[in-house]
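Student: Here it is, the structure in full.
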Amino acid sequence: MLLAVAGGDSAAFENLYRTTSAKLFGICLRVLPQRAEAEEVLQEVFLGIWRKAGQFDATRASAMTWLSMMTRNKAIDRLRANASARAQTPIELDEIEDASTASEVAEIAQDRERINACLDELDAPRRQLVRVAFFEGASYEELAERSGNPLGTVKSWIRRSLIKLKACLER
């Protein structure tokens, strides 16, 4: 679908929106505590998809991974731009059902189960750093300050943890 969208196919774009918007909106809601902001970010994401679909490289990531990372990054950018939103408690993963059909619910549950199983393979402190970084949008500097560890150490821990997660998810 992304190739068709890159070619300007509006029907493919509509189909892409229908099949991915619930999951991508769930990502927005996990990062942004206010629903209205999550909706705005989702709209920005789909505008970006329309403009950048040609940049998708299937050899580097799956389409859903590419879309998810684009969404997550946009949501984190919004969160960082709005300092008052950072003070609010982030929404926990288990509180959101971001699906509209039974098959989507099953797929999300399966994905969540795989991610949680892989996260459980990490040491508790590193698991917490990864969760805070990705679900609260904390920067490396914030993580170092909050954990009381040197910045370089935190960066190394996150990098190694992500490598382990990737290997686990690829099994």
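By order of appearance in the structure tokens: chains A, B, ..., then residues from 1 within every chain, and ligands from 1 in the order shown.
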Write out as a tab-separated table (two decimals) with N, CA and C atoms, in the first residue's frame each polymer residue whose atoms come within 9 Å of A:Phe46, counting only C-alpha atoms; drop sequence neighbours fewer than 5 positions from it.
Tutor:
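File written: out15.tsv
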```
chain	number	residue	atom	x	y	z
A	13	PHE	N	-4.25	5.21	-0.03
A	13	PHE	CA	-4.07	5.99	1.19
A	13	PHE	C	-5.27	5.82	2.12
A	17	TYR	N	-5.19	4.13	5.80
A	17	TYR	CA	-5.75	4.80	6.98
A	17	TYR	C	-6.72	3.88	7.71
A	21	SER	N	-5.02	3.15	11.26
A	21	SER	CA	-5.27	4.32	12.12
A	21	SER	C	-5.57	3.95	13.57
A	41	VAL	N	-1.92	14.78	16.45
A	41	VAL	CA	-0.68	14.12	16.03
A	41	VAL	C	-0.98	13.05	14.98
A	51	ARG	N	3.14	12.47	2.30
A	51	ARG	CA	4.29	13.16	1.70
A	51	ARG	C	5.54	12.28	1.64
A	71	THR	N	4.93	7.54	13.96
A	71	THR	CA	3.89	8.00	14.88
A	71	THR	C	4.48	8.28	16.25
```
Student: If you measure from atom CA of A:Ala58 to atom CA of A:Glu14, what distance in Å do you get, rounded to one decimal?
Tutor: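 That distance, rounded to one decimal, is 20.5 Å.
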Student: With only C-alpha atoms as the atoms that count, which of A:Ala138, A:Ala75, A:Leu29, A:Ala22 lies nearest to A:Val45?
Tutor: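 The shortest atom-to-atom distance to A:Val45 comes from A:Ala75.
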Student: Leaving out stretch 152-159 of chain A and any residue of its chain fewer than 5 positions from it, which residues lie within 8 Å of it when counting only C-alpha atoms, given as a PyMOL selection string?
Tutor: chain A and resi 126+129-130+140+143-144
Student: With N, CA and C atoms retained, export the selected residues as a PDB file, in the first residue's frame.
Tutor:
```pdb
ATOM      1  N   ARG A 126      17.100  -1.926  33.370  1.00  0.00           N
ATOM      2  CA  ARG A 126      17.147  -1.604  31.943  1.00  0.00           C
ATOM      3  C   ARG A 126      15.744  -1.651  31.330  1.00  0.00           C
ATOM      4  N   LEU A 129      14.150   1.596  32.159  1.00  0.00           N
ATOM      5  CA  LEU A 129      14.681   2.674  31.319  1.00  0.00           C
ATOM      6  C   LEU A 129      14.052   2.651  29.930  1.00  0.00           C
ATOM      7  N   VAL A 130      13.937   1.458  29.343  1.00  0.00           N
ATOM      8  CA  VAL A 130      13.342   1.341  28.013  1.00  0.00           C
ATOM      9  C   VAL A 130      11.879   1.773  28.055  1.00  0.00           C
ATOM     10  N   TYR A 140      17.574  10.901  26.806  1.00  0.00           N
ATOM     11  CA  TYR A 140      18.676  10.248  27.500  1.00  0.00           C
ATOM     12  C   TYR A 140      19.087  11.055  28.728  1.00  0.00           C
ATOM     13  N   LEU A 143      16.655  10.496  31.489  1.00  0.00           N
ATOM     14  CA  LEU A 143      16.836   9.161  32.042  1.00  0.00           C
ATOM     15  C   LEU A 143      18.054   9.100  32.964  1.00  0.00           C
ATOM     16  N   ALA A 144      19.137   9.733  32.535  1.00  0.00           N
ATOM     17  CA  ALA A 144      20.349   9.743  33.358  1.00  0.00           C
ATOM     18  C   ALA A 144      20.091  10.466  34.674  1.00  0.00           C
TER      19      ALA A 144
END
```
Student: Here is a test: counting only C-alpha atoms, which residue of A:Met64, A:Cys118, A:Val132, A:Ala124 is nearest to A:Cys168?
Tutor: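 Of all the options, A:Cys118 lies closest to A:Cys168.
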Student: May I have the residues within 9 Å of A:Leu169 as a ChimeraX atom specification, using only C-alpha atoms and disregarding those fewer than 4 positions away in the same chain?
Tutor: /A:114-115,118,164-165
Student: Take the residues from that selection and put them in a file with C-alpha atoms, as a compact mmCIF listing (two decimals), in the first residue's frame.
Tutor:
```txt
# COMPACT_ATOMS: atom_id res chain seq x y z
CA ARG A 114 5.52 -10.79 22.58
CA ILE A 115 6.83 -7.36 23.54
CA CYS A 118 10.95 -9.80 25.39
CA LYS A 164 18.35 -7.57 22.70
CA LEU A 165 14.70 -6.64 22.14
```
Student: Find the distance between atom CA of A:Asn116 and atom CA of A:Ala133 and write it in Å to one decimal.
Tutor: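 Interatomic distance, atom CA of A:Asn116 to atom CA of A:Ala133: 15.4 Å.
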Student: Closest to A:Thr19 among A:Ala117, A:Ala36, A:Met1, A:Val31, using only C-alpha atoms?
Tutor: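 That would be A:Met1, the residue with the smallest distance to A:Thr19.
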Student: With a distance cut-off of 10 Å and only C-alpha atoms, select the neighbouring residues of A:Glu44, excluding the residue or stretch itself and same-chain residues fewer than 5 positions from it, and output the selection as a ChimeraX atom specification.
Tutor: /A:38-39,49-50,71,74-75
Student: For A:Gly8, which of A:Ile27, A:Gly54, A:Leu42, A:Ser147 is the closest residue, counting only C-alpha atoms?
Tutor: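 The shortest atom-to-atom distance to A:Gly8 comes from A:Gly54.
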Student: Go through stretch 8-63 of chain A and collect every residue that DSSP, computed from the backbone, puts in helix (DSSP H, G or I); the answer should be as a PyMOL selection string.
Tutor: chain A and resi 10-31+35-55+63
Student: I'd like the interatomic distance between atom CA of A:Glu37 and atom CA of A:Ala61, to a tenth of an Å.
Tutor: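 Here the two named atoms are 27.1 Å from each other.
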